[in-house]
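Working notes for the structure below.
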Amino acid sequence: MSDCPQPRLEPAGLDAWMVRLFDSIEERNLVWLTALAKQCEQALGSALVDLVPSYTTLLVVFDPLRLTPGEVRQRLIELLAGLTPDEAAAEGMLRELPTWYDPSVGPDLSRVAERSSLSVEAVIEAHANREYRVFALGFAPGFGFMGLLDERLECPRLETPRRKVPAGSVALAGRQTAAYPVVTPGGWNLVGRTSARLFDRDREGFSLLRVGDRVRFVPVDKAEFEQQGGDTTPAVSEGAS
Amino acid sequence: MMAEKRSGFFVKRAGPLALLQDAGRFGVRQLGVTQGGPVDLHAWAWANQLVGNAWGAAALEITFGGLQLVAEQDLTVAVAGADLSATLDDSPLPLWRTASVRKGQRLAFGSPANGLRAYLAVAGGFAAEPVLGSVACVAREGLGGFDGRGSRLAEGDSLPVWKTSGSGRETREAPDNERPDYRATAQLALLPGAQVGAFTGRSLYVAFNSEWRVDDRADRMGIRLTGPTLRCRIESLISEGISLGAIQVPPDGQPIALLNDRQTIGGYPRLGNLTPLAASRLAQCMPGQVVTLKAVAIEHALDEHRRFLRRFG
């Protein structure tokens with residue numbers, strides 16, 4: 001395991017282990033974490049309840065009636081010893097998210113521009129002209145934490161989160177970007193909106209994005225956005241400082 | 001599913017919060033979908049058991065009370081958990097035991113007398129179509145419940161139940177030692193976690209030797225506890241998966257116990273995890289109530305939890 005540091009197993013309650021593989025966020029983490037998740041499915045079989053991958057960790061939740069924490073720990077130690085990266089995961093699926101960048105649906109666009117000393121056009125270009133990786137899904141169903149953002153666009157979260165962020169909102173925080181699948185409270189900076197349906201219970205697999213996917217935001221104009229079923233209702237600027 | 005639906009209850013008054021809950025939504029947390037399910041697993045399991053339902057049947061979680069239902073059929077029911085002053089046609093309804101409800105009778109919940117959440121189970125289970133494998137109702141995600149969209153009960157709703165083949169149901173009753181007095185100070189069993197060593201010695205001492213007050217910032221996602229300030233050398237982590245009952249400590253030093261509807265990942269250091277039964281017990285505490293934390297060994301907690309699960313297996 002050349003690029004993989006010593007994995008650590010940490011207790012997380014009586015039915016879960018946290019497998020910590022890394023200490024920093026790197027794109028290469030994905031190939032290891034994906035391999036680990038697949039191996040867990042095989043090693044734990046029907047005793048596996050849930051897997052929660054994130055940037056550097058995999059939370060493994062199991063059924064304590066089928067296996068004891070000690071037994072699960074033993075199986076994890078064994079599979080970690082023989083773990084090899086899943087290079088297929090390095091590719092990832094490419095997902096394109098048609099995005100209308102406009103102050104009406106991206107009320108923080110001008111503030112992000114001011115902060116970065118760029119024009120609004122340059123902010124849009126810097127955001128769209130880049131391929132992101134999905135490092136984790138969480139916060140809300142189908143919400144993908146993607147990175148890494150162009151350094152110039154790095155910005156803190158809002159001091160007071162908005163109570164209602166419209167579905168489809170494309171947002172920035174720190175060096176991450178995301179699109180909100182459903183209406184939810186949220187503290188990220190809104191710069192536009194995508195017409196893509198990010199979480200759809202009628203879709204096989206439900207979530208458009210999966211951990212490891214590659215994502216591009218493709219700028220579209222208002223007409224195109226509407227034609228693709230995008231919602232042009234302006235975002236309320238409530239909460240924006 | 002071969003089961004057939006029939007009418008069960010009509011909602012005359014919805015009250016502040018009544019939600020349909022089965023055991024929870026599993027196998028989908030990698031999509032960012034939360035667990036859901038009853039925040040008091042213990043009372044929910046008993047309510048189902050008393051009407052002869054298998055583990056996982058959907059029951060109503062009634063918070064604070066206020067719910068009024070009218071039976072549309074003769075039904076066998078059981079209410080377990082909090083005493084929300086439930087009545088059947090204005091006569092007190094005994095808790096923790098099977099009861100018969102005749103068509104047209106009114107089952108009404110008043111206000112909390114002991115505990116916060118009652119579970120109403122009906123023989124056969126409430127009937128709804130699963131979403132992502134579960135009917136657990138999570139409003140924030142718009143998933144589950146009777147409409148599949150995460151809606152809480154509303155006035156005028158009809159609540160169907162699955163038809164049962166069972167007949168001549170015997171009356172069952174939970175033993176006294178399974179009926180908690182939720183007003184008593186709860187000692188919550190906590191399994192120390194990996195970051196416990198990052199808390200200062202003084203913080204660890206006070207964490208387990210102080211009284212914690214249940215804050216009014218409490219819901220199905222988490223319950224905030226107020227008391228002495230806990231200091232951790234780690235202020236925030238790279239976001240990672242959060243398991244049930246995790247006690248996270250944000251920079252303000254006031255712990256939050258994370259329950260069934262928690263976000264799937266988060267980045268605050270954790271003291272450890274409440275056991276599932278301790279999380280259940282905390283979910284019955286009213287704001288202002290006092291609880292204490294007690295570190296337990298995993299072997300002990302595991303034995304207790306397995307005994308609990310096997311009882312309802």
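Identifiers in this document derive from the order of the structure tokens: chains are assigned A, B, ..., residues are numbered from 1 separately in each chain, and ligands are numbered from 1 in order of occurrence.
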Can you pull out the residues contacting range 81-95 of chain A? Cut-off 12 Å, using only C-alpha atoms, and skip same-chain residues under 6 positions away; I want them as a ChimeraX atom specification. /A:1-8,21,26-40,74-75,131-135,144,196-198,207-218
Chain B residues near chain A (8 Å cut-off, only C-alpha atoms) as a PyMOL selection string: chain B and resi 26-34+131-132+140-141+191+193-194+238-246+263-266+272-275+298+301-302+306+309
Output N, CA and C atoms for every residue in the selection just made, as a tab-separated table (two decimals), in the first residue's frame.
```tsv
chain	number	residue	atom	x	y	z
B	26	PHE	N	-32.28	1.82	5.49
B	26	PHE	CA	-30.90	1.35	5.55
B	26	PHE	C	-30.35	1.05	4.16
B	27	GLY	N	-29.02	1.06	4.06
B	27	GLY	CA	-28.35	0.71	2.81
B	27	GLY	C	-28.29	1.87	1.82
B	28	VAL	N	-28.75	3.05	2.21
B	28	VAL	CA	-28.76	4.18	1.28
B	28	VAL	C	-28.03	5.40	1.85
B	29	ARG	N	-27.28	5.19	2.93
B	29	ARG	CA	-26.62	6.36	3.52
B	29	ARG	C	-25.49	6.87	2.67
B	30	GLN	N	-24.95	6.00	1.79
B	30	GLN	CA	-23.90	6.51	0.89
B	30	GLN	C	-24.47	7.47	-0.14
B	31	LEU	N	-25.81	7.57	-0.23
B	31	LEU	CA	-26.43	8.55	-1.11
B	31	LEU	C	-26.76	9.83	-0.36
B	32	GLY	N	-26.40	9.88	0.93
B	32	GLY	CA	-26.70	11.06	1.72
B	32	GLY	C	-28.06	10.98	2.39
B	33	VAL	N	-28.72	9.81	2.29
B	33	VAL	CA	-30.05	9.64	2.87
B	33	VAL	C	-29.92	9.17	4.31
B	34	THR	N	-30.64	9.85	5.21
B	34	THR	CA	-30.49	9.56	6.63
B	34	THR	C	-31.24	8.28	7.03
B	131	VAL	N	-40.39	3.91	0.34
B	131	VAL	CA	-39.56	4.73	-0.54
B	131	VAL	C	-38.11	4.44	-0.15
B	132	LEU	N	-37.29	4.04	-1.10
B	132	LEU	CA	-35.93	3.60	-0.82
B	132	LEU	C	-35.94	2.55	0.29
B	140	ARG	N	-37.52	16.47	6.33
B	140	ARG	CA	-36.44	17.24	5.74
B	140	ARG	C	-36.03	16.70	4.37
B	141	GLU	N	-36.12	15.39	4.20
B	141	GLU	CA	-35.72	14.78	2.94
B	141	GLU	C	-36.90	14.57	1.99
B	191	LEU	N	-20.58	5.00	24.94
B	191	LEU	CA	-19.37	4.26	24.56
B	191	LEU	C	-18.33	5.29	24.13
B	193	GLY	N	-15.50	7.30	22.38
B	193	GLY	CA	-15.10	7.21	20.98
B	193	GLY	C	-13.62	7.48	20.78
B	194	ALA	N	-13.23	7.52	19.51
B	194	ALA	CA	-11.81	7.61	19.17
B	194	ALA	C	-11.20	8.95	19.54
B	238	ILE	N	-12.15	16.81	9.15
B	238	ILE	CA	-12.65	16.64	7.79
B	238	ILE	C	-13.94	15.84	7.95
B	239	SER	N	-15.02	16.26	7.29
B	239	SER	CA	-16.32	15.62	7.49
B	239	SER	C	-16.25	14.12	7.29
B	240	GLU	N	-16.93	13.40	8.18
B	240	GLU	CA	-16.94	11.94	8.10
B	240	GLU	C	-18.28	11.42	8.57
B	241	GLY	N	-18.54	10.12	8.28
B	241	GLY	CA	-19.83	9.51	8.62
B	241	GLY	C	-20.13	9.61	10.11
B	242	ILE	N	-21.41	9.77	10.43
B	242	ILE	CA	-21.81	9.88	11.83
B	242	ILE	C	-22.75	8.72	12.15
B	243	SER	N	-22.43	7.97	13.21
B	243	SER	CA	-23.29	6.85	13.58
B	243	SER	C	-24.30	7.30	14.64
B	244	LEU	N	-25.34	6.49	14.81
B	244	LEU	CA	-26.44	6.82	15.73
B	244	LEU	C	-25.92	7.06	17.15
B	245	GLY	N	-26.44	8.10	17.76
B	245	GLY	CA	-26.12	8.37	19.16
B	245	GLY	C	-24.81	9.10	19.37
B	246	ALA	N	-24.12	9.46	18.29
B	246	ALA	CA	-22.85	10.18	18.43
B	246	ALA	C	-23.07	11.46	19.23
B	263	GLN	N	-27.71	14.40	9.96
B	263	GLN	CA	-27.04	14.43	8.66
B	263	GLN	C	-26.07	13.25	8.61
B	264	THR	N	-25.87	12.71	7.40
B	264	THR	CA	-25.08	11.48	7.31
B	264	THR	C	-23.60	11.70	7.60
B	265	ILE	N	-23.10	12.91	7.31
B	265	ILE	CA	-21.69	13.18	7.61
B	265	ILE	C	-21.57	14.52	8.33
B	266	GLY	N	-20.51	14.67	9.09
B	266	GLY	CA	-20.31	15.91	9.83
B	266	GLY	C	-18.87	16.01	10.31
B	272	GLY	N	-18.12	10.27	21.96
B	272	GLY	CA	-18.42	8.85	21.81
B	272	GLY	C	-19.83	8.71	21.31
B	273	ASN	N	-20.42	7.54	21.57
B	273	ASN	CA	-21.79	7.28	21.13
B	273	ASN	C	-22.65	6.83	22.30
B	274	LEU	N	-23.84	7.39	22.40
B	274	LEU	CA	-24.82	6.80	23.31
B	274	LEU	C	-25.17	5.43	22.75
B	275	THR	N	-25.47	4.47	23.63
B	275	THR	CA	-25.97	3.20	23.13
B	275	THR	C	-27.34	3.45	22.51
B	298	ILE	N	-17.97	-1.73	25.96
B	298	ILE	CA	-18.74	-2.18	24.80
B	298	ILE	C	-19.35	-3.57	25.03
B	301	ALA	N	-22.58	-3.11	26.87
B	301	ALA	CA	-23.59	-2.46	26.02
B	301	ALA	C	-24.10	-3.42	24.95
B	302	LEU	N	-23.18	-4.20	24.42
B	302	LEU	CA	-23.55	-5.14	23.36
B	302	LEU	C	-24.48	-6.22	23.90
B	306	ARG	N	-28.18	-6.75	22.43
B	306	ARG	CA	-28.56	-8.03	21.81
B	306	ARG	C	-29.76	-8.65	22.53
B	309	LEU	N	-32.77	-6.79	21.26
B	309	LEU	CA	-33.17	-7.14	19.89
B	309	LEU	C	-33.77	-8.54	19.83
```
I'd like the contact shell of Glu211 in chain B - 8 Å cut-off, only C-alpha atoms, skipping same-chain residues fewer than 3 positions apart - returned as a ChimeraX atom specification. /B:227,290-292
Convert the current residue selection to file output with N, CA and C atoms, as an mmCIF file, in the first residue's frame.
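Listing of again20.cif after writing:
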```cif
data_model
loop_
_atom_site.group_PDB
_atom_site.id
_atom_site.type_symbol
_atom_site.label_atom_id
_atom_site.label_comp_id
_atom_site.auth_asym_id
_atom_site.auth_seq_id
_atom_site.Cartn_x
_atom_site.Cartn_y
_atom_site.Cartn_z
ATOM 1 N N GLY B 227 -24.541 22.624 29.804
ATOM 2 C CA GLY B 227 -23.861 22.381 31.071
ATOM 3 C C GLY B 227 -22.480 22.982 30.988
ATOM 4 N N VAL B 290 -32.957 16.904 33.418
ATOM 5 C CA VAL B 290 -31.541 16.688 33.675
ATOM 6 C C VAL B 290 -31.171 15.246 33.331
ATOM 7 N N VAL B 291 -30.018 15.065 32.672
ATOM 8 C CA VAL B 291 -29.492 13.722 32.402
ATOM 9 C C VAL B 291 -28.024 13.680 32.817
ATOM 10 N N THR B 292 -27.502 12.476 33.032
ATOM 11 C CA THR B 292 -26.069 12.325 33.260
ATOM 12 C C THR B 292 -25.522 11.327 32.243
#
```
What lies within 8 Å of range 65-79 of chain B using only C-alpha atoms, ignoring chain neighbours under 6 positions off, as a PyMOL selection string? chain B and resi 7-18+47-48+50-51+85+94-112+117-123+169
Work out how far CA of Ala45 in chain B is from CA of Ser165 in chain B, in Å to one decimal. 20.7 Å
Calculate how many Å separate CA of Asn189 in chain A from CA of Arg217 in chain B, rounding to one decimal. 25.7 Å
Which neighbours of range 195-199 of chain B fall inside 10 Å, counting only C-alpha atoms, when residues of the same chain fewer than 6 positions from it are skipped, and could you give them as an MDAnalysis selection string? (chainID A and resid 10:11) or (chainID B and resid 205 207 230:235 249 269:272)
For Gly192 in chain A: contacts at 8 Å, only C-alpha atoms, fewer than 3 positions along chain excluded, given as a list in words: Thr99, Trp100, Tyr101, Asp102, Pro103, Val105, Gly106, Pro107, Leu109, Ser169, Val170 and Ala171 of chain A
Do you have the CA of Ala178 in chain A-CA of Phe145 in chain A distance handy?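 Between CA of Ala178 in chain A and CA of Phe145 in chain A the gap works out to 5.6 Å.
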